[in-house]
$ cat entry31.cif   # mmCIF, C-alpha atoms (C1' of nucleotides)
data_coords
loop_
_atom_site.label_atom_id
_atom_site.label_comp_id
_atom_site.auth_asym_id
_atom_site.auth_seq_id
_atom_site.Cartn_x
_atom_site.Cartn_y
_atom_site.Cartn_z
CA MET A 1413 79.45 72.27 144.29
CA PRO A 1414 79.78 71.56 140.58
CA GLY A 1415 83.22 70.31 139.68
CA LEU A 1416 85.65 71.29 136.98
CA GLU A 1417 84.30 68.64 134.66
CA HIS A 1418 80.86 70.14 134.90
CA PHE A 1419 82.13 73.55 133.86
CA LEU A 1420 84.27 72.18 131.07
CA LYS A 1421 81.20 70.50 129.67
CA THR A 1422 79.32 73.80 129.57
CA TYR A 1423 82.04 75.29 127.35
CA LEU A 1424 82.94 72.29 125.28
CA GLU A 1425 81.22 69.19 124.01
CA LEU A 1426 83.45 66.43 125.24
CA THR A 1427 83.38 62.67 125.49
CA PRO A 1428 84.10 61.20 128.93
CA PRO A 1429 87.67 60.15 128.04
CA GLU A 1430 88.43 63.56 126.56
CA LEU A 1431 87.05 65.20 129.63
CA GLU A 1432 89.24 63.11 131.86
CA VAL A 1433 92.45 63.84 129.97
CA ILE A 1434 91.74 67.54 129.84
CA ALA A 1435 90.62 67.88 133.45
CA LYS A 1436 93.79 66.18 134.65
CA ARG A 1437 95.86 69.04 133.32
CA PHE A 1438 94.21 71.62 135.51
CA ARG A 1439 95.39 72.31 138.99
CA HIS A 1440 93.45 73.82 141.80
CA ILE A 1441 94.59 77.06 143.37
CA ALA A 1442 93.36 79.61 145.85
CA LEU A 1443 93.31 83.32 145.11
CA GLU A 1444 92.89 85.58 148.09
CA LYS A 1445 90.68 88.59 148.03
CA GLY A 1446 92.59 91.43 146.44
CA ALA A 1447 95.16 89.19 144.75
CA PHE A 1448 95.70 89.37 141.02
CA PHE A 1449 95.34 86.41 138.72
CA LEU A 1450 96.78 88.54 135.92
CA GLN A 1451 98.02 92.08 135.51
CA THR A 1452 98.14 94.39 132.54
CA GLY A 1453 101.38 93.96 130.66
CA ALA A 1454 102.17 90.50 132.03
CA PHE A 1455 102.26 87.32 130.01
CA SER A 1456 98.95 85.60 129.84
CA ASP A 1457 100.39 82.13 130.09
CA ARG A 1458 97.53 80.37 131.81
CA LEU A 1459 93.81 79.99 131.70
CA GLY A 1460 91.60 79.82 134.74
CA ILE A 1461 88.08 78.77 135.52
CA VAL A 1462 86.42 80.16 138.63
CA GLU A 1463 85.23 77.49 141.03
CA GLN A 1464 84.13 79.82 143.74
CA GLY A 1465 84.25 83.56 144.33
CA LEU A 1466 84.30 86.63 142.13
CA VAL A 1467 87.05 87.98 139.91
CA ARG A 1468 86.94 91.40 138.34
CA ILE A 1469 88.46 91.95 134.92
CA PHE A 1470 89.43 95.56 134.43
CA LEU A 1471 91.82 98.08 132.97
CA GLN A 1472 93.18 101.42 134.06
CA THR A 1473 92.87 104.28 131.57
CA GLU A 1474 94.21 107.82 132.01
CA ASP A 1475 91.06 109.06 133.66
CA LYS A 1476 89.29 106.04 135.05
CA GLU A 1477 89.21 102.35 135.74
CA VAL A 1478 87.09 100.36 133.32
CA THR A 1479 85.60 97.08 134.48
CA GLN A 1480 85.10 94.84 131.52
CA TRP A 1481 83.55 91.86 133.24
CA ILE A 1482 83.06 90.04 136.53
CA SER A 1483 83.62 86.30 136.44
CA THR A 1484 81.59 84.12 138.76
CA ALA A 1485 81.57 80.35 139.28
CA GLY A 1486 82.21 78.67 135.95
CA GLY A 1487 83.54 81.90 134.45
CA LEU A 1488 86.64 82.08 132.39
CA LEU A 1489 89.85 83.86 133.30
CA THR A 1490 92.30 84.58 130.55
CA ASP A 1491 93.46 87.38 128.39
CA LEU A 1492 92.54 85.45 125.29
CA THR A 1493 94.47 87.70 122.93
CA GLY A 1494 97.61 87.33 125.00
CA PHE A 1495 97.02 83.62 125.46
CA VAL A 1496 96.81 83.05 121.72
CA PHE A 1497 99.28 85.60 120.37
CA GLY A 1498 101.71 85.89 123.24
CA SER A 1499 101.22 89.64 123.43
CA PRO A 1500 101.28 91.37 126.83
CA ALA A 1501 97.99 91.13 128.66
CA ARG A 1502 95.61 94.00 128.37
CA TRP A 1503 93.49 93.12 131.40
CA ASN A 1504 93.90 93.01 135.12
CA MET A 1505 92.12 90.17 136.86
CA GLN A 1506 91.70 90.65 140.58
CA ALA A 1507 89.79 88.63 143.16
CA LEU A 1508 86.89 90.51 144.70
CA SER A 1509 86.53 87.81 147.33
CA ASP A 1510 88.52 84.76 148.39
CA CYS A 1511 88.41 82.51 145.37
CA SER A 1512 89.27 79.02 144.32
CA LEU A 1513 90.21 78.46 140.71
CA TRP A 1514 91.16 75.71 138.34
CA VAL A 1515 94.13 76.67 136.26
CA ILE A 1516 95.85 75.22 133.23
CA GLU A 1517 99.20 76.45 131.99
CA LYS A 1518 99.46 77.55 128.39
CA GLU A 1519 102.03 74.88 127.71
CA ALA A 1520 99.84 72.14 129.15
CA TYR A 1521 96.90 73.51 127.23
CA TYR A 1522 98.69 73.28 123.93
CA SER A 1523 100.12 69.89 124.70
CA LEU A 1524 96.55 68.61 124.75
CA GLU A 1525 96.65 68.93 120.99
CA SER A 1526 98.73 65.79 120.82
CA GLU A 1527 96.77 63.94 123.49
CA VAL A 1528 93.23 64.66 122.41
CA PRO A 1529 92.78 64.16 118.67
CA ARG A 1530 89.80 66.43 118.47
CA PHE A 1531 91.44 69.11 120.56
CA HIS A 1532 91.83 71.73 117.88
CA HIS A 1533 88.16 71.37 117.11
CA ILE A 1534 87.26 71.75 120.76
CA ASP A 1535 89.52 74.72 121.21
CA ARG A 1536 88.17 76.41 118.13
CA ARG A 1537 84.62 76.14 119.36
CA PHE A 1538 85.74 77.44 122.66
CA VAL A 1539 87.25 80.60 121.16
CA ALA A 1540 84.27 81.02 118.85
CA ARG A 1541 81.95 80.88 121.82
CA CYS A 1542 83.89 83.65 123.47
CA PHE A 1543 83.54 85.62 120.26
CA SER A 1544 79.84 85.03 120.16
CA THR A 1545 79.38 86.31 123.70
CA LEU A 1546 81.18 89.53 122.84
CA GLU A 1547 79.11 89.93 119.70
CA ASP A 1548 75.96 89.87 121.80
CA ARG A 1549 77.42 92.46 124.02
CA ILE A 1550 78.41 94.82 121.20
CA PHE A 1551 74.94 94.49 119.86
CA SER A 1552 73.47 95.44 123.22
CA HIS A 1553 75.49 98.65 123.17
CA LEU A 1554 74.36 99.50 119.67
CA HIS A 1555 70.66 99.39 120.31
CA MET A 1556 69.95 99.46 124.04
CA SER A 1557 69.76 102.32 126.51
CA ALA A 1558 71.55 102.14 129.85
CA GLU A 1559 68.29 101.09 131.44
CA GLU A 1560 67.73 98.30 128.95
CA ARG A 1561 71.29 97.06 129.41
CA TYR A 1562 70.72 96.99 133.14
CA GLN A 1563 67.56 94.93 132.76
CA TYR A 1564 69.21 92.60 130.30
CA MET A 1565 72.14 91.94 132.61
CA PHE A 1566 69.91 91.63 135.62
CA GLU A 1567 67.86 88.91 133.96
CA ARG A 1568 70.93 86.97 132.93
CA GLN A 1569 73.19 87.39 135.96
CA PRO A 1570 70.99 88.30 138.93
CA GLN A 1571 73.47 86.84 141.40
CA LEU A 1572 75.99 89.53 140.46
CA PHE A 1573 73.74 92.26 141.77
CA ASN A 1574 73.85 90.96 145.34
CA GLN A 1575 77.53 90.32 145.52
CA VAL A 1576 79.42 92.86 143.47
CA PRO A 1577 80.11 96.49 144.38
CA LEU A 1578 77.79 98.50 142.19
CA GLN A 1579 80.50 100.79 140.94
CA TYR A 1580 82.02 97.85 139.11
CA LEU A 1581 78.73 96.71 137.68
CA ALA A 1582 78.11 100.24 136.49
CA SER A 1583 81.41 100.39 134.65
CA MET A 1584 80.81 96.98 133.13
CA LEU A 1585 77.48 98.23 131.84
CA GLY A 1586 78.97 101.46 130.49
CA MET A 1587 77.33 103.90 132.89
CA THR A 1588 78.16 105.84 136.06
CA PRO A 1589 77.51 104.43 139.54
CA GLU A 1590 74.95 107.17 140.16
CA THR A 1591 72.99 106.20 137.09
CA LEU A 1592 73.01 102.55 138.07
CA SER A 1593 71.88 103.42 141.58
CA ARG A 1594 68.95 105.40 140.18
CA LEU A 1595 67.94 102.78 137.66
CA ARG A 1596 67.93 100.14 140.34
CA LYS A 1597 65.73 102.25 142.60
CA LYS A 1598 63.39 103.03 139.75
CA ILE A 1599 62.99 99.39 138.76
CA ILE A 1600 62.52 97.80 142.19
CA MET B 1228 94.74 96.23 93.49
CA PRO B 1229 95.96 93.96 96.25
CA GLY B 1230 95.14 90.31 95.64
CA LEU B 1231 93.55 87.68 97.81
CA GLU B 1232 96.94 86.47 98.95
CA HIS B 1233 97.76 89.90 100.25
CA PHE B 1234 94.63 90.00 102.36
CA LEU B 1235 95.08 86.47 103.64
CA LYS B 1236 98.51 87.45 104.83
CA THR B 1237 97.10 90.32 106.85
CA TYR B 1238 94.90 87.89 108.77
CA LEU B 1239 97.17 84.91 109.00
CA GLU B 1240 100.87 84.27 109.12
CA LEU B 1241 101.40 81.86 106.25
CA THR B 1242 104.28 80.33 104.37
CA PRO B 1243 104.16 80.68 100.57
CA PRO B 1244 103.08 77.05 100.02
CA GLU B 1245 100.34 77.32 102.62
CA LEU B 1246 99.18 80.53 101.07
CA GLU B 1247 98.97 78.91 97.69
CA VAL B 1248 96.95 75.92 98.86
CA ILE B 1249 94.54 78.05 100.79
CA ALA B 1250 94.10 80.71 98.14
CA LYS B 1251 93.27 78.06 95.56
CA ARG B 1252 90.14 77.14 97.50
CA PHE B 1253 88.63 80.56 97.17
CA ARG B 1254 86.56 81.55 94.20
CA HIS B 1255 85.90 85.01 92.92
CA ILE B 1256 82.34 86.28 92.78
CA ALA B 1257 80.51 89.51 92.08
CA LEU B 1258 77.86 90.88 94.39
CA GLU B 1259 75.65 93.56 92.92
CA LYS B 1260 74.64 96.61 94.84
CA GLY B 1261 71.70 95.68 97.04
CA ALA B 1262 72.30 91.93 96.85
CA PHE B 1263 72.72 89.88 100.01
CA PHE B 1264 75.76 87.79 100.76
CA LEU B 1265 73.92 86.37 103.75
CA GLN B 1266 70.55 86.79 105.39
CA THR B 1267 69.39 86.40 108.97
CA GLY B 1268 68.27 82.82 109.60
CA ALA B 1269 70.15 81.29 106.67
CA PHE B 1270 73.03 78.90 106.97
CA SER B 1271 76.35 80.60 107.16
CA ASP B 1272 78.12 78.07 105.02
CA ARG B 1273 80.78 80.25 103.46
CA LEU B 1274 83.27 82.90 104.32
CA GLY B 1275 84.00 85.91 102.15
CA ILE B 1276 86.69 88.53 101.88
CA VAL B 1277 85.86 91.83 100.23
CA GLU B 1278 88.07 92.63 97.26
CA GLN B 1279 86.27 95.76 96.25
CA GLY B 1280 83.17 97.60 97.37
CA LEU B 1281 81.28 97.96 100.64
CA VAL B 1282 79.15 95.43 102.47
CA ARG B 1283 76.92 96.34 105.36
CA ILE B 1284 76.40 93.86 108.19
CA PHE B 1285 73.15 94.50 110.00
CA LEU B 1286 70.16 93.10 111.79
CA GLN B 1287 66.51 94.02 112.01
CA THR B 1288 65.07 94.42 115.50
CA GLU B 1289 61.44 95.15 116.39
CA ASP B 1290 61.91 98.87 116.30
CA LYS B 1291 64.97 99.53 114.17
CA GLU B 1292 67.70 98.28 111.95
CA VAL B 1293 71.06 97.93 113.67
CA THR B 1294 74.21 98.14 111.55
CA GLN B 1295 76.93 96.19 113.23
CA TRP B 1296 79.76 96.85 110.80
CA ILE B 1297 80.69 97.92 107.28
CA SER B 1298 83.26 95.76 105.54
CA THR B 1299 85.61 97.40 103.08
CA ALA B 1300 88.42 95.95 100.95
CA GLY B 1301 90.11 93.18 102.91
CA GLY B 1302 87.20 92.92 105.32
CA LEU B 1303 85.70 89.69 106.41
CA LEU B 1304 82.23 88.40 105.62
CA THR B 1305 80.89 85.61 107.70
CA ASP B 1306 78.57 84.97 110.55
CA LEU B 1307 81.32 83.43 112.59
CA THR B 1308 79.01 81.87 115.14
CA GLY B 1309 76.97 80.22 112.42
CA PHE B 1310 80.06 79.23 110.51
CA VAL B 1311 81.51 77.44 113.52
CA PHE B 1312 78.42 76.07 115.22
CA GLY B 1313 76.08 75.63 112.31
CA SER B 1314 73.41 77.77 113.94
CA PRO B 1315 71.23 80.02 111.78
CA ALA B 1316 72.92 83.28 110.86
CA ARG B 1317 72.17 86.28 112.98
CA TRP B 1318 73.39 88.90 110.50
CA ASN B 1319 72.34 90.21 107.16
CA MET B 1320 75.17 91.12 104.83
CA GLN B 1321 74.19 93.36 101.96
CA ALA B 1322 76.27 95.08 99.28
CA LEU B 1323 76.16 98.86 99.53
CA SER B 1324 77.85 99.12 96.14
CA ASP B 1325 78.78 96.71 93.38
CA CYS B 1326 81.30 94.40 95.00
CA SER B 1327 83.74 91.70 94.14
CA LEU B 1328 84.45 89.07 96.73
CA TRP B 1329 86.57 86.03 97.32
CA VAL B 1330 84.59 83.23 98.82
CA ILE B 1331 85.40 79.89 100.35
CA GLU B 1332 82.76 77.29 101.17
CA LYS B 1333 82.62 75.94 104.68
CA GLU B 1334 83.32 72.45 103.45
CA ALA B 1335 86.39 73.57 101.51
CA TYR B 1336 87.52 75.58 104.49
CA TYR B 1337 87.42 72.60 106.79
CA SER B 1338 89.02 70.33 104.25
CA LEU B 1339 92.08 72.53 104.50
CA GLU B 1340 92.69 70.89 107.86
CA SER B 1341 93.91 67.81 106.09
CA GLU B 1342 95.86 69.69 103.44
CA VAL B 1343 97.65 72.24 105.54
CA PRO B 1344 99.18 70.68 108.64
CA ARG B 1345 99.26 73.93 110.56
CA PHE B 1346 95.73 74.81 109.58
CA HIS B 1347 94.10 74.48 112.96
CA HIS B 1348 96.71 76.80 114.36
CA ILE B 1349 96.09 79.31 111.59
CA ASP B 1350 92.35 79.09 112.00
CA ARG B 1351 92.58 79.50 115.74
CA ARG B 1352 94.60 82.67 115.41
CA PHE B 1353 92.13 83.89 112.88
CA VAL B 1354 89.17 83.46 115.23
CA ALA B 1355 91.14 84.91 118.11
CA ARG B 1356 91.91 87.98 116.04
CA CYS B 1357 88.21 88.46 115.40
CA PHE B 1358 87.68 88.18 119.13
CA SER B 1359 90.34 90.73 119.84
CA THR B 1360 88.75 93.26 117.49
CA LEU B 1361 85.42 92.91 119.26
CA GLU B 1362 87.08 93.28 122.61
CA ASP B 1363 88.47 96.64 121.55
CA ARG B 1364 85.06 97.66 120.47
CA ILE B 1365 83.35 96.67 123.71
CA PHE B 1366 85.95 98.62 125.55
CA SER B 1367 85.25 101.70 123.45
CA HIS B 1368 81.60 101.51 124.44
CA LEU B 1369 82.45 101.18 128.12
CA HIS B 1370 84.52 104.32 128.45
CA MET B 1371 83.97 106.58 125.44
CA SER B 1372 81.27 109.10 124.69
CA ALA B 1373 79.56 109.18 121.31
CA GLU B 1374 81.90 111.96 120.28
CA GLU B 1375 84.99 110.01 121.28
CA ARG B 1376 83.78 106.92 119.46
CA TYR B 1377 83.28 109.03 116.37
CA GLN B 1378 86.82 110.40 116.56
CA TYR B 1379 88.23 106.95 117.23
CA MET B 1380 86.49 105.43 114.23
CA PHE B 1381 87.35 108.41 112.06
CA GLU B 1382 91.04 108.03 112.78
CA ARG B 1383 91.00 104.34 112.02
CA GLN B 1384 88.65 104.14 109.05
CA PRO B 1385 88.55 107.58 107.45
CA GLN B 1386 87.65 106.10 104.07
CA LEU B 1387 84.31 104.94 105.43
CA PHE B 1388 83.19 108.47 106.06
CA ASN B 1389 83.32 109.41 102.38
CA GLN B 1390 81.62 106.37 101.06
CA VAL B 1391 79.01 105.13 103.47
CA PRO B 1392 75.59 106.65 104.13
CA LEU B 1393 75.89 108.35 107.48
CA GLN B 1394 72.81 106.70 108.88
CA TYR B 1395 74.63 103.37 108.77
CA LEU B 1396 77.78 104.75 110.34
CA ALA B 1397 75.67 106.27 113.09
CA SER B 1398 74.06 102.95 113.90
CA MET B 1399 77.42 101.21 113.84
CA LEU B 1400 78.70 103.76 116.36
CA GLY B 1401 75.65 103.41 118.54
CA MET B 1402 74.13 106.85 117.97
CA THR B 1403 71.41 108.51 115.90
CA PRO B 1404 72.07 109.99 112.45
CA GLU B 1405 71.27 113.44 113.81
CA THR B 1406 73.89 113.14 116.52
CA LEU B 1407 76.48 111.96 114.03
CA SER B 1408 75.63 114.83 111.71
CA ARG B 1409 76.13 117.33 114.54
CA LEU B 1410 79.36 115.80 115.79
CA ARG B 1411 80.78 115.87 112.32
CA LYS B 1412 79.89 119.54 111.88
CA LYS B 1413 81.31 120.40 115.27
CA ILE B 1414 84.60 118.63 114.61
CA ILE B 1415 85.31 119.88 111.10
"C1'" DC C 98 65.68 120.59 82.53
"C1'" DT C 99 62.76 119.49 86.04
"C1'" DA C 100 60.45 116.64 89.23
"C1'" DT C 101 61.18 113.33 92.63
"C1'" DC C 102 63.38 110.94 96.02
"C1'" DC C 103 66.69 110.24 99.32
"C1'" DA C 104 69.89 111.38 102.57
"C1'" DC C 105 71.53 114.82 105.25
"C1'" DT C 106 71.09 119.01 108.11
"C1'" DT C 107 69.11 122.08 111.30
"C1'" DG C 108 66.17 123.81 114.99
"C1'" DA C 109 63.38 123.36 119.03
"C1'" DC C 110 62.59 120.66 122.55
"C1'" DA C 111 62.54 116.36 125.55
"C1'" DA C 112 64.72 112.70 127.76
"C1'" DA C 113 68.66 110.28 129.37
"C1'" DT C 114 72.81 110.34 131.51
"C1'" DA C 115 76.83 112.65 133.73
"C1'" DT C 116 78.83 115.59 137.16
"C1'" DC C 117 79.48 117.49 141.56
"C1'" DA C 118 78.56 117.73 146.28
"C1'" DA C 119 76.55 116.27 150.40
"C1'" DG C 120 74.54 112.93 153.37
"C1'" DA C 121 73.37 107.94 154.72
"C1'" DA C 122 74.52 103.33 155.00
"C1'" DT C 123 77.71 99.68 155.20
"C1'" DA C 124 81.87 97.26 155.90
"C1'" DC C 125 86.41 97.09 158.28
"C1'" DA C 126 89.94 97.49 161.48
"C1'" DT C 127 91.31 98.41 165.96
"C1'" DA D 710 81.77 98.11 170.23
"C1'" DT D 711 83.57 102.38 168.11
"C1'" DG D 712 85.62 105.07 164.89
"C1'" DT D 713 87.03 105.28 160.20
"C1'" DA D 714 86.96 103.91 155.32
"C1'" DT D 715 84.50 103.17 151.73
"C1'" DT D 716 80.49 102.65 149.07
"C1'" DC D 717 75.99 103.87 148.03
"C1'" DT D 718 72.24 107.17 147.63
"C1'" DT D 719 70.19 111.48 146.74
"C1'" DG D 720 69.59 116.20 145.09
"C1'" DA D 721 70.65 119.98 142.07
"C1'" DT D 722 72.30 121.03 137.86
"C1'" DA D 723 74.87 120.60 133.42
"C1'" DT D 724 75.76 118.13 129.40
"C1'" DT D 725 74.96 114.86 126.06
"C1'" DT D 726 72.11 112.53 123.21
"C1'" DG D 727 67.53 111.51 121.32
"C1'" DT D 728 63.10 112.79 119.09
"C1'" DC D 729 60.25 115.03 115.99
"C1'" DA D 730 59.50 118.01 112.30
"C1'" DA D 731 60.80 120.93 108.76
"C1'" DG D 732 64.01 122.36 105.41
"C1'" DT D 733 68.02 121.90 102.20
"C1'" DG D 734 70.74 119.78 98.81
"C1'" DG D 735 72.25 116.46 95.61
"C1'" DA D 736 71.47 112.50 92.70
"C1'" DT D 737 68.81 110.46 89.19
"C1'" DA D 738 65.07 109.20 85.96
"C1'" DG D 739 62.06 110.75 82.75
#

$ encode --input "entry31.cif" --output "structure tokens"
Amino acid sequence: MPGLEHFLKTYLELTPPELEVIAKRFRHIALEKGAFFLQTGAFSDRLGIVEQGLVRIFLQTEDKEVTQWISTAGGLLTDLTGFVFGSPARWNMQALSDCSLWVIEKEAYYSLESEVPRFHHIDRRFVARCFSTLEDRIFSHLHMSAEERYQYMFERQPQLFNQVPLQYLASMLGMTPETLSRLRKKII
Amino acid sequence: MPGLEHFLKTYLELTPPELEVIAKRFRHIALEKGAFFLQTGAFSDRLGIVEQGLVRIFLQTEDKEVTQWISTAGGLLTDLTGFVFGSPARWNMQALSDCSLWVIEKEAYYSLESEVPRFHHIDRRFVARCFSTLEDRIFSHLHMSAEERYQYMFERQPQLFNQVPLQYLASMLGMTPETLSRLRKKII
DNA sequence: CTATCCACTTGACAAATATCAAGAATACAT
DNA sequence: ATGTATTCTTGATATTTGTCAAGTGGATAG
């Protein structure tokens, strides 16, 4: 199984010593199926990386639950807005299966600024990469149909489609479970 | 008319001396109607803030043009991904009317790191705010109908609806011009 | 003033997607 | 294993949105 250092390297370009200092600040925790890593309204005072398992990021609106994303191995867990601005978290993050995570506290994260000279540069690229991912996603909603979004996601994250309840995938793709079920049938 | 410093303050929390140092690095330019601030594939080596006028941010796909956003006074102009990672710009940015802009070169922007001690903190919050805006937008596509997205945008940016060709607004909302025309009629 | 060009609107129709309800499959607990 | 959730599928139908084509209206150049 790829370790924390492997995942850190996929987000950030780091030298071996930087990697070591940063990795040391993470601790390893278990998150049982059904448990929350974060809940709406709480303080987002830590950042997690999924080692194993699936975590659903979602929000309750008046009329329905909206799944924003499902994080798999290597995926990021944090309410970035809350983490940066200290505002109450918008998102719930709940384990869909028994998970193991690496976690760094906000305080430890920021203290890296004084330990790793290039840290602000690293962090900046990290946030910008998150931005870039969202930009792609917005774009997909502006010019793709539900079917095209399904295909696009399926190509990029095929493992999700075996493991995640379809209702959540549907919400994450901006369609109803029935529509997703029909698209899937049509395409196979 | 609100000045550059006013707009900077809306993005970033700055002390008066910081504000002064940063503002000094911007220069003031005109962008004629139809001219491009940035084109797809170019280097995104500067960041602009709209003082006056409208700038459309869009991209050409095989089958259609997709308008991602329209920047009005105070709005931001940069391909953030390109600006941070040095990759070729994804977006075109074209003036819809005669515009005046404040612009800072990438090099000058980064040199602020050594002039303003808190700069990395400021910059980080800036990027995170951009992220947060996109997150809201993704969310709107996951749970709102075209009609609801129209209403939502109309409440937040009513000025756009007087000034911008509807075809661009439609694309930005992820619908056809005909649909937008009908929604507008229905709602008024 | 008039011709021309856009952008916008409207209508008729088609396609995509949602809704509601029922049945089938699957997972879960006892 | 068996019964009970729950989730997924399917069908019928409604609604929303898209497409295509024609028309209207307003701006602008000559």

$ resolve_selection --input "entry31.cif" --expression "the PyMOL selection byres ((chain B) within 12 of (chain D))" --output "list of chain:residue names"
B:Ser1372, B:Ala1373, B:Glu1374, B:Gly1401, B:Met1402, B:Thr1403, B:Pro1404, B:Glu1405, B:Thr1406, B:Leu1407, B:Arg1409, B:Leu1410

$ write_last_selection --input "entry31.cif" --atoms "C-alpha atoms" --output "JSON list (two decimals), in the coordinates of the input"
[["chain", "number", "residue", "atom", "x", "y", "z"],
["B", 1372, "SER", "CA", 81.27, 109.10, 124.69],
["B", 1373, "ALA", "CA", 79.56, 109.18, 121.31],
["B", 1374, "GLU", "CA", 81.90, 111.96, 120.28],
["B", 1401, "GLY", "CA", 75.65, 103.41, 118.54],
["B", 1402, "MET", "CA", 74.13, 106.85, 117.97],
["B", 1403, "THR", "CA", 71.41, 108.51, 115.90],
["B", 1404, "PRO", "CA", 72.07, 109.99, 112.45],
["B", 1405, "GLU", "CA", 71.27, 113.44, 113.81],
["B", 1406, "THR", "CA", 73.89, 113.14, 116.52],
["B", 1407, "LEU", "CA", 76.48, 111.96, 114.03],
["B", 1409, "ARG", "CA", 76.13, 117.33, 114.54],
["B", 1410, "LEU", "CA", 79.36, 115.80, 115.79]]

$ resolve_selection --input "entry31.cif" --expression "the PyMOL selection byres ((chain C) within 9 of (chain A))" --output "ChimeraX atom specification"
/C:113-115

$ interface_residues --input "entry31.cif" --of "chain A" --to "chain B" --cutoff "8 Å" --atoms "all atoms listed in the file" --output "number ranges by chain"
A: 1478, 1480, 1492-1493, 1496-1497, 1532-1533, 1535-1537, 1539-1544, 1546-1547, 1549-1551, 1553-1555, 1583-1587

$ atom_distance --input "entry31.cif" --atom1 "CA of Leu1246 (chain B)" --atom2 "CA of Gln1386 (chain B)"
28.2 Å

$ residues_around --input "entry31.cif" --residues "Gln1321 (chain B)" --least-positions-apart "2" --cutoff "12 Å" --atoms "all atoms listed in the file" --output "short mmCIF file (atom, residue, chain, number, x, y, z; two decimals) with C-alpha atoms, in the coordinates of the input"
data_model
loop_
_atom_site.label_atom_id
_atom_site.label_comp_id
_atom_site.auth_asym_id
_atom_site.auth_seq_id
_atom_site.Cartn_x
_atom_site.Cartn_y
_atom_site.Cartn_z
CA LEU B 1258 77.86 90.88 94.39
CA GLU B 1259 75.65 93.56 92.92
CA LYS B 1260 74.64 96.61 94.84
CA GLY B 1261 71.70 95.68 97.04
CA ALA B 1262 72.30 91.93 96.85
CA PHE B 1263 72.72 89.88 100.01
CA PHE B 1264 75.76 87.79 100.76
CA LEU B 1265 73.92 86.37 103.75
CA GLN B 1266 70.55 86.79 105.39
CA THR B 1267 69.39 86.40 108.97
CA VAL B 1277 85.86 91.83 100.23
CA GLY B 1280 83.17 97.60 97.37
CA LEU B 1281 81.28 97.96 100.64
CA VAL B 1282 79.15 95.43 102.47
CA ARG B 1283 76.92 96.34 105.36
CA ILE B 1284 76.40 93.86 108.19
CA PHE B 1285 73.15 94.50 110.00
CA LEU B 1286 70.16 93.10 111.79
CA THR B 1294 74.21 98.14 111.55
CA GLN B 1295 76.93 96.19 113.23
CA TRP B 1296 79.76 96.85 110.80
CA ILE B 1297 80.69 97.92 107.28
CA SER B 1298 83.26 95.76 105.54
CA LEU B 1304 82.23 88.40 105.62
CA THR B 1305 80.89 85.61 107.70
CA TRP B 1318 73.39 88.90 110.50
CA ASN B 1319 72.34 90.21 107.16
CA LEU B 1323 76.16 98.86 99.53
CA SER B 1324 77.85 99.12 96.14
CA ASP B 1325 78.78 96.71 93.38
CA CYS B 1326 81.30 94.40 95.00
#

$ residues_around --input "entry31.cif" --residues "Val1515 (chain A)" --least-positions-apart "5" --cutoff "9 Å" --atoms "all atoms listed in the file" --output "short mmCIF file (atom, residue, chain, number, x, y, z; two decimals) with C-alpha atoms, in the frame of the given file"
data_model
loop_
_atom_site.label_atom_id
_atom_site.label_comp_id
_atom_site.auth_asym_id
_atom_site.auth_seq_id
_atom_site.Cartn_x
_atom_site.Cartn_y
_atom_site.Cartn_z
CA ARG A 1437 95.86 69.04 133.32
CA PHE A 1438 94.21 71.62 135.51
CA ARG A 1439 95.39 72.31 138.99
CA HIS A 1440 93.45 73.82 141.80
CA ILE A 1441 94.59 77.06 143.37
CA ARG A 1458 97.53 80.37 131.81
CA LEU A 1459 93.81 79.99 131.70
CA GLY A 1460 91.60 79.82 134.74
CA ILE A 1461 88.08 78.77 135.52
CA VAL A 1462 86.42 80.16 138.63
CA LEU A 1489 89.85 83.86 133.30
#
